[in-house]
$ cat model15.txt   # compact mmCIF, C-alpha atoms and all ligand atoms
# COMPACT_ATOMS: atom_id res chain seq x y z
CA GLU N 1 -42.55 32.42 2.73
CA MET N 2 -40.33 31.74 5.72
CA ALA N 3 -41.59 32.25 9.28
CA PRO N 4 -39.79 35.22 10.95
CA ASP N 5 -37.71 33.00 13.26
CA GLU N 6 -36.72 30.81 10.31
CA ALA N 7 -35.70 33.88 8.34
CA ALA N 8 -33.59 35.06 11.28
CA PHE N 9 -31.96 31.63 11.47
CA GLN N 10 -31.24 31.64 7.74
CA ALA N 11 -29.73 35.10 8.06
CA ARG N 12 -27.27 33.79 10.67
CA ILE N 13 -26.34 30.92 8.38
CA ASP N 14 -25.87 33.33 5.45
CA GLU N 15 -23.57 35.47 7.58
CA GLY N 16 -21.41 32.42 8.28
CA ILE N 17 -22.19 32.28 12.00
CA LYS N 18 -21.69 28.76 13.38
CA ILE N 19 -24.70 27.16 15.06
CA GLU N 20 -23.85 25.67 18.47
CA PRO N 21 -25.73 22.98 20.45
CA LYS N 22 -27.64 25.33 22.76
CA ASP N 23 -28.63 27.77 20.00
CA GLU N 24 -32.17 27.83 18.77
CA MET N 25 -32.59 26.03 15.48
CA PRO N 26 -35.49 24.90 13.30
CA ASP N 27 -36.62 21.35 13.98
CA ALA N 28 -35.95 20.37 10.40
CA TYR N 29 -32.33 21.61 10.61
CA ARG N 30 -31.78 19.53 13.74
CA LYS N 31 -33.40 16.49 12.12
CA THR N 32 -31.35 16.75 8.94
CA LEU N 33 -28.14 17.00 10.94
CA VAL N 34 -29.01 14.03 13.14
CA ARG N 35 -29.83 12.04 10.00
CA GLN N 36 -26.61 12.90 8.19
CA ILE N 37 -24.26 12.76 11.19
CA SER N 38 -25.66 9.46 12.48
CA GLN N 39 -25.45 7.90 9.00
CA HIS N 40 -21.90 9.19 8.78
CA ALA N 41 -21.10 7.66 12.19
CA HIS N 42 -22.64 4.31 11.21
CA SER N 43 -20.54 4.37 8.02
CA GLU N 44 -17.34 4.76 10.01
CA ILE N 45 -18.30 1.89 12.31
CA VAL N 46 -19.50 -0.52 9.59
CA GLY N 47 -16.58 0.72 7.47
CA GLN N 48 -14.17 -1.10 9.77
CA LEU N 49 -15.49 -4.48 8.63
CA PRO N 50 -14.25 -4.78 5.02
CA GLU N 51 -10.68 -3.89 6.01
CA GLY N 52 -10.86 -5.72 9.33
CA ASN N 53 -11.33 -8.82 7.19
CA TRP N 54 -7.63 -8.58 6.13
CA LEU N 55 -6.04 -7.77 9.49
CA THR N 56 -5.00 -11.37 10.10
CA ARG N 57 -3.79 -11.81 6.53
CA ALA N 58 -1.80 -8.60 5.92
CA PRO N 59 1.34 -9.55 3.97
CA THR N 60 3.88 -8.15 6.46
CA LEU N 61 4.02 -7.19 10.12
CA GLU N 62 4.45 -3.55 9.11
CA ARG N 63 1.36 -3.61 6.85
CA LYS N 64 -0.58 -5.24 9.67
CA LEU N 65 0.37 -2.49 12.13
CA ILE N 66 -0.56 0.23 9.66
CA LEU N 67 -3.91 -1.40 8.84
CA LEU N 68 -4.70 -1.95 12.50
CA ALA N 69 -4.07 1.74 13.21
CA LYS N 70 -6.23 2.76 10.26
CA VAL N 71 -9.16 0.58 11.29
CA GLN N 72 -8.90 1.92 14.85
CA ASP N 73 -8.97 5.47 13.47
CA GLU N 74 -12.30 4.67 11.79
CA ALA N 75 -13.72 3.53 15.14
CA GLY N 76 -12.56 6.84 16.62
CA HIS N 77 -14.28 8.77 13.82
CA GLY N 78 -17.49 6.91 14.56
CA LEU N 79 -17.27 7.90 18.21
CA TYR N 80 -16.65 11.63 17.50
CA LEU N 81 -19.60 11.59 15.15
CA TYR N 82 -21.98 9.87 17.58
CA SER N 83 -20.93 12.52 20.12
CA ALA N 84 -21.65 15.29 17.61
CA ALA N 85 -25.12 13.82 17.02
CA GLU N 86 -25.68 13.61 20.79
CA THR N 87 -25.13 17.39 21.06
CA LEU N 88 -28.35 17.68 19.01
CA GLY N 89 -30.32 15.62 21.52
CA ALA N 90 -30.07 12.28 19.71
CA SER N 91 -29.62 9.31 22.01
CA ARG N 92 -26.76 6.92 21.42
CA ASP N 93 -28.97 3.92 22.24
CA ASP N 94 -31.58 4.99 19.68
CA MET N 95 -28.95 5.51 16.99
CA GLN N 96 -27.45 2.11 17.76
CA ALA N 97 -30.88 0.46 17.70
CA ASP N 98 -31.68 2.04 14.33
CA LEU N 99 -28.44 0.71 12.87
CA LEU N 100 -28.93 -2.80 14.19
CA SER N 101 -32.59 -3.01 13.10
CA GLY N 102 -31.59 -2.02 9.55
CA LYS N 103 -33.62 1.20 9.77
CA ALA N 104 -30.65 3.57 9.58
CA LYS N 105 -28.56 3.95 6.46
CA TYR N 106 -24.79 3.74 6.20
CA SER N 107 -22.61 4.24 3.18
CA SER N 108 -23.36 1.90 0.28
CA ILE N 109 -19.64 1.33 -0.31
CA PHE N 110 -19.21 -0.89 2.73
CA ASN N 111 -21.57 -3.52 1.35
CA TYR N 112 -18.98 -4.82 -1.11
CA PRO N 113 -16.57 -7.67 -0.31
CA THR N 114 -12.78 -7.43 0.12
CA LEU N 115 -11.62 -10.42 -1.92
CA THR N 116 -7.85 -9.80 -2.14
CA TRP N 117 -5.12 -7.76 -0.42
CA ALA N 118 -5.29 -5.30 -3.33
CA ASP N 119 -8.83 -4.42 -2.19
CA ILE N 120 -7.31 -2.96 0.95
CA GLY N 121 -5.21 -0.68 -1.25
CA ALA N 122 -8.27 0.20 -3.32
CA ILE N 123 -10.33 1.12 -0.25
CA GLY N 124 -7.65 3.43 1.11
CA TRP N 125 -6.98 5.04 -2.24
CA LEU N 126 -10.56 5.31 -3.58
CA VAL N 127 -12.90 5.18 -0.58
CA ASP N 128 -10.82 7.32 1.76
CA GLY N 129 -10.02 9.53 -1.26
CA ALA N 130 -13.75 10.01 -1.89
CA ALA N 131 -14.39 10.52 1.83
CA ILE N 132 -11.80 13.33 2.05
CA ILE N 133 -13.34 15.18 -0.90
CA ASN N 134 -16.71 15.00 0.83
CA GLN N 135 -15.43 15.84 4.32
CA ILE N 136 -13.02 18.75 3.70
CA PRO N 137 -15.97 21.08 2.96
CA ILE N 138 -17.81 19.75 6.05
CA CYS N 139 -14.98 21.32 8.14
CA ARG N 140 -16.70 24.61 7.15
CA CYS N 141 -20.31 23.50 7.59
CA SER N 142 -22.74 25.54 9.67
CA TYR N 143 -22.98 23.22 12.69
CA GLY N 144 -20.01 23.82 15.00
CA PRO N 145 -19.52 20.37 16.57
CA TYR N 146 -19.78 18.59 13.19
CA ALA N 147 -17.38 21.05 11.53
CA ARG N 148 -14.80 20.73 14.32
CA ALA N 149 -15.01 16.92 14.39
CA MET N 150 -14.16 16.86 10.68
CA VAL N 151 -10.82 18.66 11.11
CA ARG N 152 -9.06 15.76 12.79
CA VAL N 153 -11.01 13.18 10.80
CA CYS N 154 -9.72 14.71 7.55
CA LYS N 155 -6.10 14.65 8.73
CA GLU N 156 -6.44 10.97 9.53
CA GLU N 157 -8.24 10.19 6.26
CA SER N 158 -5.40 11.71 4.27
CA PHE N 159 -2.96 9.30 5.96
CA HIS N 160 -5.37 6.49 5.11
CA GLN N 161 -5.55 7.56 1.50
CA ARG N 162 -1.76 7.55 1.17
CA GLN N 163 -1.41 4.14 2.78
CA GLY N 164 -3.93 2.75 0.26
CA PHE N 165 -2.11 4.34 -2.64
CA ASP N 166 1.18 2.97 -1.30
CA ILE N 167 -0.22 -0.58 -1.17
CA LEU N 168 -1.29 -0.32 -4.81
CA HIS N 169 1.96 1.36 -5.86
CA LYS N 170 3.87 -1.55 -4.38
CA LEU N 171 1.67 -4.05 -6.23
CA CYS N 172 1.87 -2.10 -9.49
CA THR N 173 5.66 -2.08 -9.42
CA GLY N 174 5.77 -5.79 -8.53
CA THR N 175 5.14 -8.92 -10.58
CA GLN N 176 2.58 -9.12 -13.40
CA GLU N 177 0.37 -11.17 -11.08
CA GLN N 178 0.46 -8.40 -8.46
CA LYS N 179 -0.33 -5.73 -11.04
CA ASP N 180 -3.27 -7.81 -12.30
CA MET N 181 -4.53 -8.05 -8.74
CA ALA N 182 -4.41 -4.24 -8.43
CA GLN N 183 -6.28 -3.80 -11.73
CA ASP N 184 -8.92 -6.29 -10.63
CA ALA N 185 -9.44 -4.38 -7.38
CA LEU N 186 -9.83 -1.12 -9.31
CA ASN N 187 -12.31 -2.78 -11.68
CA ARG N 188 -14.50 -3.84 -8.76
CA TRP N 189 -14.20 -0.70 -6.54
CA TRP N 190 -14.36 2.06 -9.15
CA TRP N 191 -18.10 2.28 -9.76
CA PRO N 192 -19.11 1.77 -6.12
CA SER N 193 -16.74 4.62 -5.21
CA VAL N 194 -18.30 6.86 -7.89
CA MET N 195 -21.79 6.07 -6.52
CA MET N 196 -20.66 6.64 -2.94
CA HIS N 197 -21.11 10.39 -3.51
CA GLY N 198 -24.86 9.83 -3.56
CA PRO N 199 -27.56 10.02 -6.23
CA ARG N 200 -27.40 12.48 -9.12
CA ASP N 201 -28.41 15.99 -8.09
CA ALA N 202 -31.67 15.59 -9.98
CA ASP N 203 -32.53 12.61 -7.74
CA SER N 204 -31.13 13.98 -4.47
CA VAL N 205 -34.03 14.87 -2.20
CA ASN N 206 -31.95 16.56 0.50
CA THR N 207 -29.32 18.58 -1.35
CA ALA N 208 -31.18 21.86 -1.97
CA GLN N 209 -32.22 22.37 1.66
CA SER N 210 -28.89 21.13 3.04
CA MET N 211 -27.03 23.57 0.75
CA GLN N 212 -29.22 26.44 1.91
CA TRP N 213 -28.39 25.57 5.53
CA LYS N 214 -24.70 25.09 4.66
CA ILE N 215 -24.76 21.54 5.97
CA LYS N 216 -23.60 20.68 2.45
CA LEU N 217 -21.40 23.18 0.61
CA PHE N 218 -21.26 21.25 -2.67
CA THR N 219 -23.77 19.02 -4.43
CA ASN N 220 -23.30 15.28 -4.93
CA ASP N 221 -22.48 15.74 -8.64
CA GLU N 222 -19.96 18.52 -7.91
CA LEU N 223 -18.10 16.33 -5.42
CA ARG N 224 -18.29 13.32 -7.76
CA GLN N 225 -16.66 15.39 -10.53
CA LYS N 226 -13.94 16.59 -8.15
CA TYR N 227 -13.27 13.01 -7.08
CA ILE N 228 -12.96 11.77 -10.67
CA ASP N 229 -10.76 14.71 -11.71
CA GLN N 230 -8.42 14.02 -8.80
CA THR N 231 -8.32 10.25 -9.15
CA VAL N 232 -7.78 9.72 -12.90
CA PRO N 233 -4.20 11.11 -12.93
CA GLN N 234 -3.39 8.92 -9.90
CA ALA N 235 -4.60 5.84 -11.81
CA ASP N 236 -2.43 6.93 -14.75
CA PHE N 237 0.57 7.21 -12.43
CA LEU N 238 -0.05 3.65 -11.20
CA GLY N 239 -0.41 2.44 -14.79
CA LEU N 240 -3.94 1.20 -14.09
CA THR N 241 -6.98 1.57 -16.35
CA ILE N 242 -10.23 2.98 -14.99
CA PRO N 243 -13.06 0.67 -16.12
CA ASP N 244 -15.09 3.37 -17.88
CA PRO N 245 -14.97 3.47 -21.69
CA ASP N 246 -16.61 6.92 -21.65
CA LEU N 247 -13.95 8.49 -19.43
CA LYS N 248 -12.31 11.28 -21.42
CA TRP N 249 -10.60 14.61 -20.67
CA ASN N 250 -12.77 17.48 -21.86
CA GLU N 251 -10.58 20.37 -22.99
CA GLU N 252 -13.52 22.82 -22.96
CA THR N 253 -14.83 22.17 -19.45
CA GLY N 254 -11.43 21.38 -17.94
CA HIS N 255 -12.92 18.24 -16.38
CA TYR N 256 -13.19 14.55 -17.20
CA ASP N 257 -16.38 13.37 -18.86
CA PHE N 258 -17.46 9.99 -17.54
CA GLY N 259 -20.05 7.26 -18.00
CA GLU N 260 -23.25 6.64 -16.07
CA PRO N 261 -23.01 4.40 -13.02
CA ASP N 262 -25.53 1.59 -12.58
CA TRP N 263 -28.04 3.44 -10.43
CA ASP N 264 -30.27 0.37 -10.08
CA GLU N 265 -27.37 -1.29 -8.31
CA PHE N 266 -26.97 1.76 -6.04
CA TRP N 267 -30.63 1.84 -4.97
CA ASN N 268 -30.63 -1.94 -4.46
CA VAL N 269 -27.65 -1.68 -2.13
CA LEU N 270 -29.48 1.07 -0.19
CA LYS N 271 -32.52 -1.19 0.12
CA GLY N 272 -30.36 -3.87 1.73
CA TYR N 273 -29.69 -6.10 -1.28
CA GLY N 274 -25.97 -5.43 -1.82
CA PRO N 275 -23.51 -8.33 -1.80
CA CYS N 276 -22.63 -7.96 1.91
CA ASN N 277 -25.50 -6.02 3.56
CA GLN N 278 -26.67 -8.98 5.64
CA GLU N 279 -23.16 -10.00 6.66
CA ARG N 280 -22.27 -6.43 7.73
CA LEU N 281 -25.40 -6.00 9.87
CA GLN N 282 -24.99 -9.43 11.41
CA ALA N 283 -21.38 -8.60 12.37
CA ARG N 284 -22.58 -5.43 14.16
CA ILE N 285 -25.42 -7.32 15.90
CA ASP N 286 -22.97 -10.02 17.06
CA ALA N 287 -20.53 -7.37 18.32
CA HIS N 288 -23.33 -5.61 20.22
CA GLU N 289 -24.60 -8.83 21.81
CA GLY N 290 -21.09 -10.06 22.52
CA GLY N 291 -20.31 -6.76 24.24
CA ALA N 292 -23.34 -6.89 26.56
CA TRP N 293 -21.25 -8.09 29.51
CA VAL N 294 -18.88 -5.11 29.11
CA ARG N 295 -21.77 -2.64 29.25
CA GLU N 296 -23.23 -4.43 32.30
CA ALA N 297 -19.85 -4.46 34.06
CA ALA N 298 -19.31 -0.76 33.31
CA ALA N 299 -22.77 0.12 34.65
CA ALA N 300 -22.21 -1.97 37.81
CA HIS N 301 -18.85 -0.31 38.35
CA ALA N 302 -20.31 3.18 37.86
CA GLU N 303 -22.99 2.36 40.41
CA LYS N 304 -20.47 1.12 43.00
CA ARG N 305 -18.13 4.09 42.81
CA PRO N 306 -20.22 6.76 44.59
CA ARG N 307 -21.17 4.21 47.27
CA ARG N 308 -17.51 3.44 47.89
CA ARG N 309 -16.78 7.15 48.23
CA GLU N 310 -19.55 7.46 50.84
CA ALA N 311 -18.13 4.58 52.89
N1 LIG I 1 -24.89 5.25 0.77
O1 LIG I 1 -30.66 13.40 -0.84
P1 LIG I 1 -29.36 12.66 -0.82
C1 LIG I 1 -16.39 6.99 5.57
C2 LIG I 1 -29.02 8.26 0.88
S1 LIG I 1 -17.00 7.95 4.32
C3 LIG I 1 -26.03 5.10 1.47
O2 LIG I 1 -28.36 13.06 -1.81
P2 LIG I 1 -27.74 13.65 1.38
C4 LIG I 1 -14.88 6.99 5.83
C5 LIG I 1 -29.20 9.51 1.70
O3 LIG I 1 -28.83 9.30 3.02
C6 LIG I 1 -18.72 7.48 4.08
N2 LIG I 1 -27.03 6.01 1.42
O4 LIG I 1 -28.77 12.65 0.68
C7 LIG I 1 -14.31 5.64 5.79
C8 LIG I 1 -30.68 9.79 1.52
O5 LIG I 1 -31.44 8.90 2.34
P3 LIG I 1 -32.40 9.41 3.56
C9 LIG I 1 -19.68 8.25 4.93
C10 LIG I 1 -26.85 7.09 0.65
O6 LIG I 1 -27.67 13.27 2.79
C11 LIG I 1 -13.47 5.30 4.77
C12 LIG I 1 -30.94 9.34 0.10
O7 LIG I 1 -29.90 8.43 -0.22
N3 LIG I 1 -19.62 9.65 4.67
O8 LIG I 1 -17.16 6.37 6.19
C13 LIG I 1 -25.68 7.32 -0.09
O9 LIG I 1 -28.08 15.05 1.05
C14 LIG I 1 -12.88 4.02 4.70
C15 LIG I 1 -30.96 10.49 -0.88
O10 LIG I 1 -29.65 11.10 -1.04
C16 LIG I 1 -20.64 10.47 4.97
O11 LIG I 1 -21.65 10.05 5.44
C17 LIG I 1 -24.67 6.34 -0.01
N4 LIG I 1 -23.52 6.43 -0.69
O12 LIG I 1 -26.35 13.33 0.65
C18 LIG I 1 -14.59 4.70 6.78
C19 LIG I 1 -20.41 11.93 4.71
N5 LIG I 1 -25.81 8.47 -0.75
O13 LIG I 1 -31.47 9.76 4.68
C20 LIG I 1 -14.00 3.42 6.74
C21 LIG I 1 -21.52 12.81 5.21
C22 LIG I 1 -27.03 8.96 -0.45
O14 LIG I 1 -33.12 10.63 3.04
C23 LIG I 1 -13.15 3.10 5.68
N6 LIG I 1 -22.73 12.66 4.43
N7 LIG I 1 -27.67 8.13 0.37
O15 LIG I 1 -33.26 8.24 3.87
C24 LIG I 1 -22.99 13.35 3.29
O16 LIG I 1 -22.20 14.15 2.82
C25 LIG I 1 -24.34 13.14 2.64
O17 LIG I 1 -25.19 12.54 3.58
C26 LIG I 1 -24.27 12.30 1.34
C27 LIG I 1 -25.71 12.09 0.81
C28 LIG I 1 -23.47 13.02 0.27
C29 LIG I 1 -23.66 10.92 1.60

$ encode --input "model15.txt" --output "structure tokens"
Amino acid sequence: EMAPDEAAFQARIDEGIKIEPKDEMPDAYRKTLVRQISQHAHSEIVGQLPEGNWLTRAPTLERKLILLAKVQDEAGHGLYLYSAAETLGASRDDMQADLLSGKAKYSSIFNYPTLTWADIGAIGWLVDGAAIINQIPICRCSYGPYARAMVRVCKEESFHQRQGFDILHKLCTGTQEQKDMAQDALNRWWWPSVMMHGPRDADSVNTAQSMQWKIKLFTNDELRQKYIDQTVPQADFLGLTIPDPDLKWNEETGHYDFGEPDWDEFWNVLKGYGPCNQERLQARIDAHEGGAWVREAAAAHAEKRPRRREA
């Protein structure tokens, strides 16, 4: 049985009324949002690292400019999302500290290495593709600031997805060596991108409550299926083979059947044992420590300004 104030809150959610920062809300709703939004923000920030790795080695000046813009967009997404979490009373310093101490989660996908230029195509195509499928529904989620932040984020992600597809299209219409490089990138990024949607519904502790609160509008498995249905024809167009022997169109369901990801690998990455977890965290710690003088200078400047006005 729900307490009367919780029932009233749920009734507002059911009516489709957006919850705004100063509205009353159950503690657990606030906590779930801070958890999801801060993890989402951390993902955007850590998500700059795998692609940032290729900025100095992009094959042309034009590709370098495009990639630089894309990586900067991800930083911007991180900042909107931290701001959205701050509207719930979360402190930026605490969120930052939780990321750097390894306490906070960020998306598993960013713990894999970018070994070749084709990986940059694969990230745009698959990872941004998966992110859009997850984030379009969040534009309609119950918490106003999170929903509004997602509108612009989704527009930018769709540019990112196309630039990734374009990189792979170029490679796939190039030499045999280039096409092999694209296939190799797909082989390595496919399963991590399938797992990126989160554990199976049966193992997802948060889905039921988040769906009831309309923080999530679809389950992990529903979004995973949508992602696979959308991506398989794109792989066909590129002439690439998805590394899943069980992948097969199902005439009856109107969806692709697919194989089981390696969930042990997924949980290991979440525990910190993925191929790049340590390297990613260290890069963020170094950036934070290296940026200390900027924060000190900004604070000193902010302190001086009112004094100067008085004088
Ligand atoms: N990685 O009960 P559920 C991007 C955790 S897109 C790590 O199912 P929930 C754009 C989960 O937090 C990527 N951890 O959880 C970009 C929970 O742990 P907790 C970011 C994961 O929240 C592209 C536990 O497992 N997008 O960055 C993952 O209901 C290219 C149990 O799971 C978002 O964050 C995972 N893959 O559903 C940037 C979207 N999956 O907290 C740069 C917003 C699950 O209880 C380059 N988030 N876990 O300790 C969501 O939609 C949801 O939070 C899900 C997970 C669907 C990710």

$ residues_near_ligand --input "model15.txt" --ligand "ligand LIG 1 (chain I)" --cutoff "7 Å" --atoms "all atoms listed in the file" --output "ChimeraX atom specification"
/N:35-37,39-40,43-44,47-48,74,105-109,123-124,127-128,131,134-135,195-199,201,204-207,210,216,220,270

$ closest_residue --input "model15.txt" --among "N:Ile132, N:Leu168, N:Trp263, N:Ile66" --to "Val151 of chain N" --atoms "all atoms listed in the file"
N:Ile132

$ atom_distance --input "model15.txt" --atom1 "atom CA of Pro137 of chain N" --atom2 "atom CA of Glu251 of chain N"
26.5 Å

$ closest_residue --input "model15.txt" --among "N:Thr60, N:Pro50, N:Gln72, N:Ala90" --to "Ala122 of chain N" --atoms "all atoms listed in the file"
N:Pro50

$ atom_distance --input "model15.txt" --atom1 "atom CA of Arg224 of chain N" --atom2 "atom CA of Asp257 of chain N"
11.3 Å

$ residues_around --input "model15.txt" --residues "segment 5-12 of chain N" --least-positions-apart "4" --cutoff "7 Å" --atoms "only C-alpha atoms" --output "VMD selection string"
chain N and resid 16 to 17 25 to 26

$ atom_distance --input "model15.txt" --atom1 "atom CA of Leu33 of chain N" --atom2 "atom CA of Lys18 of chain N"
13.6 Å
